[in-house]
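For reference, my_file.txt is printed below; it contains compact mmCIF, C-alpha atoms.
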# COMPACT_ATOMS: atom_id res chain seq x y z
CA MET A 1 -14.96 6.42 34.13
CA ASN A 2 -15.61 8.86 31.26
CA ARG A 3 -13.45 9.24 28.16
CA PRO A 4 -12.10 12.77 28.91
CA PHE A 5 -10.81 11.54 32.26
CA LEU A 6 -9.15 8.56 30.57
CA ALA A 7 -7.45 10.99 28.20
CA LEU A 8 -6.00 12.98 31.09
CA LEU A 9 -4.63 9.78 32.58
CA PHE A 10 -3.06 8.82 29.26
CA LEU A 11 -1.38 12.12 28.40
CA PRO A 12 1.53 11.99 30.90
CA LEU A 13 2.54 8.59 29.50
CA VAL A 14 2.96 9.57 25.85
CA ALA A 15 5.53 11.44 23.69
CA GLN A 16 8.41 11.73 21.05
CA GLY A 17 9.58 11.44 17.60
CA GLN A 18 8.10 11.14 14.20
CA SER A 19 10.35 10.04 11.33
CA TYR A 20 12.90 12.76 12.13
CA THR A 21 13.40 15.87 14.25
CA HIS A 22 10.38 17.84 13.11
CA PRO A 23 6.96 18.61 14.60
CA SER A 24 4.17 16.17 13.77
CA PHE A 25 1.69 18.97 12.87
CA GLN A 26 -1.05 16.67 14.18
CA LEU A 27 -4.19 18.54 15.25
CA PRO A 28 -6.61 17.08 17.81
CA THR A 29 -9.46 17.25 15.27
CA LEU A 30 -9.45 14.90 12.29
CA VAL A 31 -9.94 15.71 8.61
CA GLU A 32 -11.47 13.89 5.67
CA ARG A 33 -8.42 14.66 3.53
CA GLU A 34 -5.43 16.97 3.93
CA TYR A 35 -2.13 17.67 2.20
CA ASN A 36 0.42 19.36 4.46
CA PHE A 37 3.64 20.92 3.11
CA ALA A 38 6.18 21.68 5.85
CA ALA A 39 9.70 22.99 6.41
CA ALA A 40 11.48 22.47 9.73
CA ASP A 41 14.80 23.09 11.42
CA GLY A 42 16.12 20.70 14.06
CA GLY A 43 19.35 22.32 15.25
CA ARG A 44 22.25 19.89 14.68
CA ALA A 45 19.76 17.59 12.90
CA GLY A 46 19.55 20.26 10.19
CA ALA A 47 16.72 21.37 7.94
CA SER A 48 14.03 19.11 6.55
CA LEU A 49 11.28 19.35 3.94
CA LEU A 50 8.21 17.23 4.56
CA PHE A 51 4.99 16.24 2.78
CA GLN A 52 2.12 14.76 4.80
CA TRP A 53 -1.08 13.18 3.51
CA ARG A 54 -3.92 12.57 5.95
CA GLU A 55 -7.09 10.70 5.01
CA ALA A 56 -10.24 9.62 6.87
CA ALA A 57 -10.33 5.82 7.08
CA ALA A 58 -13.49 5.22 9.13
CA PRO A 59 -15.69 7.16 11.54
CA ARG A 60 -13.34 8.72 14.13
CA TRP A 61 -10.24 7.26 12.42
CA GLN A 62 -7.59 8.94 10.28
CA LEU A 63 -4.55 7.49 8.49
CA GLY A 64 -1.57 9.35 7.07
CA VAL A 65 1.88 9.13 5.49
CA ASP A 66 5.01 11.31 5.72
CA ALA A 67 7.72 11.66 3.07
CA GLY A 68 10.62 14.07 2.92
CA LEU A 69 14.32 14.83 2.94
CA ALA A 70 16.56 16.11 5.74
CA ASP A 71 19.95 17.84 5.48
CA PRO A 72 21.88 17.42 8.77
CA ASP A 73 24.49 20.01 9.78
CA GLY A 74 28.17 19.23 9.14
CA ASN A 75 29.41 16.68 6.63
CA ALA A 76 26.55 14.21 7.07
CA SER A 77 24.68 13.14 3.94
CA SER A 78 21.05 14.04 3.31
CA ARG A 79 18.58 11.60 4.84
CA LEU A 80 15.39 10.07 3.47
CA VAL A 81 12.43 10.52 5.81
CA LEU A 82 9.40 8.20 5.65
CA GLY A 83 6.55 7.45 8.03
CA GLY A 84 3.01 6.24 8.52
CA HIS A 85 0.60 7.25 11.27
CA ALA A 86 -2.94 6.87 12.55
CA ALA A 87 -5.18 8.98 14.77
CA TYR A 88 -8.37 8.16 16.67
CA GLU A 89 -10.77 10.89 17.79
CA LEU A 90 -11.25 10.28 21.49
CA THR A 91 -13.46 13.24 22.32
CA ARG A 92 -14.59 16.65 21.07
CA ALA A 93 -14.65 19.82 23.16
CA SER A 94 -17.80 20.37 25.21
CA GLU A 95 -19.02 22.37 28.19
CA GLU A 96 -17.91 19.53 30.47
CA PHE A 97 -14.47 19.06 28.87
CA PRO A 98 -12.97 21.97 26.89
CA PHE A 99 -10.45 20.05 24.75
CA ASP A 100 -10.54 18.09 21.55
CA VAL A 101 -8.40 14.95 22.00
CA ALA A 102 -7.04 12.48 19.45
CA LEU A 103 -4.90 9.44 20.26
CA THR A 104 -2.02 8.90 17.82
CA GLY A 105 0.45 6.22 16.81
CA GLY A 106 2.71 5.27 13.94
CA VAL A 107 6.10 4.21 12.66
CA GLY A 108 8.85 6.40 11.19
CA PHE A 109 12.10 5.76 9.31
CA SER A 110 15.05 7.97 8.43
CA GLY A 111 18.25 6.76 6.88
CA VAL A 112 21.20 7.09 4.51
CA ASP A 113 24.15 4.83 3.63
CA GLY A 114 23.14 2.13 6.13
CA HIS A 115 22.69 4.58 9.03
CA ASN A 116 19.03 3.97 9.77
CA VAL A 117 16.75 5.05 12.60
CA VAL A 118 13.29 3.53 13.21
CA ARG A 119 10.81 5.17 15.56
CA ILE A 120 7.49 3.86 16.89
CA PRO A 121 5.63 6.72 18.63
CA LEU A 122 2.41 6.67 20.68
CA GLY A 123 0.79 9.87 21.86
CA ALA A 124 -2.19 12.17 22.12
CA SER A 125 -2.92 15.53 20.53
CA PHE A 126 -5.17 17.93 22.41
CA GLY A 127 -6.28 21.51 21.91
CA HIS A 128 -9.24 23.81 21.39
CA ARG A 129 -10.64 25.56 18.31
CA PHE A 130 -11.46 29.27 18.66
CA ALA A 131 -13.71 30.79 16.00
CA LEU A 132 -12.57 34.12 14.54
CA ASP A 133 -14.15 36.56 12.10
CA GLY A 134 -15.69 35.03 9.02
CA ARG A 135 -14.69 31.41 8.50
CA MET A 136 -11.30 31.82 10.14
CA SER A 137 -10.36 29.93 13.31
CA LEU A 138 -7.35 29.44 15.59
CA THR A 139 -6.45 26.09 17.18
CA PRO A 140 -3.64 25.98 19.76
CA PHE A 141 -2.57 22.38 20.37
CA ALA A 142 -0.07 20.16 22.16
CA HIS A 143 1.07 16.70 21.06
CA PRO A 144 3.08 14.72 23.65
CA ARG A 145 4.53 11.39 22.52
CA LEU A 146 6.48 8.40 23.83
CA SER A 147 8.62 6.71 21.18
CA PHE A 148 10.67 3.53 21.00
CA ASP A 149 13.69 4.47 18.83
CA ARG A 150 16.25 2.07 17.37
CA CYS A 151 19.41 2.89 15.42
CA ASN A 152 21.34 0.20 13.57
CA ASP A 153 24.61 2.14 13.17
CA CYS A 154 25.09 4.85 15.80
CA LYS A 155 28.22 5.70 17.77
CA ALA A 156 26.38 5.28 21.05
CA GLY A 157 23.99 2.42 21.61
CA SER A 158 24.33 0.93 18.13
CA GLY A 159 21.63 -1.64 17.52
CA GLU A 160 19.93 -0.85 20.81
CA GLY A 161 16.51 0.61 21.43
CA LYS A 162 15.66 3.65 23.56
CA LEU A 163 12.51 5.26 24.89
CA ASN A 164 12.41 9.01 24.22
CA ILE A 165 9.95 11.66 25.32
CA ALA A 166 9.02 14.95 23.67
CA VAL A 167 6.09 17.26 23.05
CA ASP A 168 4.93 19.54 20.25
CA LEU A 169 3.43 22.92 21.03
CA GLY A 170 1.84 24.74 18.14
CA THR A 171 -1.08 26.55 16.61
CA SER A 172 -3.07 26.29 13.39
CA LEU A 173 -4.66 29.32 11.75
CA GLN A 174 -7.50 28.29 9.43
CA MET A 175 -7.49 30.99 6.74
CA THR A 176 -10.19 29.56 4.45
CA GLU A 177 -12.12 26.30 4.24
CA GLN A 178 -9.23 24.88 2.20
CA VAL A 179 -6.06 26.51 3.61
CA ALA A 180 -4.49 26.57 7.07
CA LEU A 181 -1.13 27.94 8.27
CA ARG A 182 0.64 26.12 11.11
CA ILE A 183 3.65 26.72 13.32
CA ALA A 184 4.89 24.23 15.87
CA ALA A 185 7.94 23.55 18.02
CA THR A 186 9.03 20.14 19.28
CA ALA A 187 11.16 19.59 22.38
CA GLY A 188 12.65 16.37 23.66
CA GLY A 189 15.67 14.13 23.30
CA SER A 190 16.96 11.71 20.68
CA ASP A 191 20.73 11.25 20.36
CA TYR A 192 20.24 9.31 17.15
CA VAL A 193 19.44 12.36 15.00
CA GLY A 194 21.59 14.94 16.77
CA SER A 195 18.88 16.83 18.64
CA GLY A 196 15.32 16.34 19.77
CA ASN A 197 14.41 20.02 19.43
CA GLY A 198 12.99 21.63 16.32
CA ILE A 199 10.59 24.19 14.90
CA GLY A 200 8.52 24.02 11.74
CA LEU A 201 6.10 25.91 9.51
CA SER A 202 3.53 24.36 7.21
CA ILE A 203 0.69 25.06 4.80
CA ALA A 204 -2.17 22.56 4.95
CA TRP A 205 -4.57 22.25 2.02
CA THR A 206 -7.91 20.44 1.91
CA PRO A 207 -9.29 19.86 -1.61
CA LYS A 208 -12.40 21.89 -2.37
CA GLY A 209 -15.62 20.04 -1.67
CA LEU A 210 -14.32 18.13 1.34
CA ARG A 211 -15.70 19.16 4.69
CA LYS A 212 -13.42 20.53 7.41
CA PRO A 213 -14.21 19.36 10.99
Give the structure from the file, written as structure tokens.
Amino acid sequence: MNRPFLALLFLPLVAQGQSYTHPSFQLPTLVEREYNFAAADGGRAGASLLFQWREAAAPRWQLGVDAGLADPDGNASSRLVLGGHAAYELTRASEEFPFDVALTGGVGFSGVDGHNVVRIPLGASFGHRFALDGRMSLTPFAHPRLSFDRCNDCKAGSGEGKLNIAVDLGTSLQMTEQVALRIAATAGGSDYVGSGNGIGLSIAWTPKGLRKP
């Protein structure tokens, strides 16, 4: 059984949640190093500002961290958002299989004043890179995830764990070798943070001298 077929079997099983209600901005191709600066809106979960650092760890492996702040709607206090994640390059697009695919996993935390949510997501990002004029390119992608979420102080299900499902749909426009613009929407459910739906914009920067995939 070949790897692309295994990926197709795996995709329906995976989805939801990073540290908070925001897209993951995870492309199916890996990078040697990337700094991603994002702003997102998650409905009742409010607005969030996020910094992501992704770094190659080994051939076909990438590690990353998330850090940010979220401002929920209403009288809720601002929340600290933290997370760590990993990605493994399963396959690259070819004539036989037209998608790049990366398997993903991680752990995320958001909390304030003892109201803490922990998420452990597993998923897969897949898409295809289309070359444009010059060195520009466009990469539409999808990132479904399955997440085990636990809240220690929620009105419903306090201290209990839940499995939630969601998917990101987005695109990345590579403007130069160093700069890419991304937009992504996430859809799915998590009662713990008010809403599982959100949309985000980001600017990703790769330091000069590092090779883009």
Margin query: Nearest residue to Gln178 (chain A) out of A:Gly46, A:Pro207, A:Gly134, A:Pro121, using all atoms listed in the file?
Written below: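 Using all atoms listed in the file, the shortest distance to Gln178 (chain A) belongs to A:Pro207.
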Check: Could you name the residues that touch region 142-144 of chain A at 10 Å or less, counting only C-alpha atoms, but leaving out those on the same chain fewer than 3 positions away, as number ranges by chain?
Finding: A: 11-17, 23-28, 101-104, 121-128, 165-171, 184-188
Item checked: CA of Ile199 (chain A) to CA of Ala56 (chain A), straight-line distance in Å ->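 Calculated distance between CA of Ala56 (chain A) and CA of Ile199 (chain A) is 26.7 Å.
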Checklist line | Distance in Å - CA of Leu82 (chain A) versus CA of Arg129 (chain A) | finding: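 Going from CA of Leu82 (chain A) over to CA of Arg129 (chain A), I get 29.4 Å.
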Next item on the list: Please work out which residues fall within 7 Å of (-2.8, 24.4, 13.6), coordinates as given in the file, with all atoms listed in the file counting, and return them as a list in words.
Entry: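 Those within range, by chain then number, are Leu27, Thr139, Pro140, Gly170, Thr171, Ser172, Leu173, Leu181, Arg182 and Ile183 of chain A.
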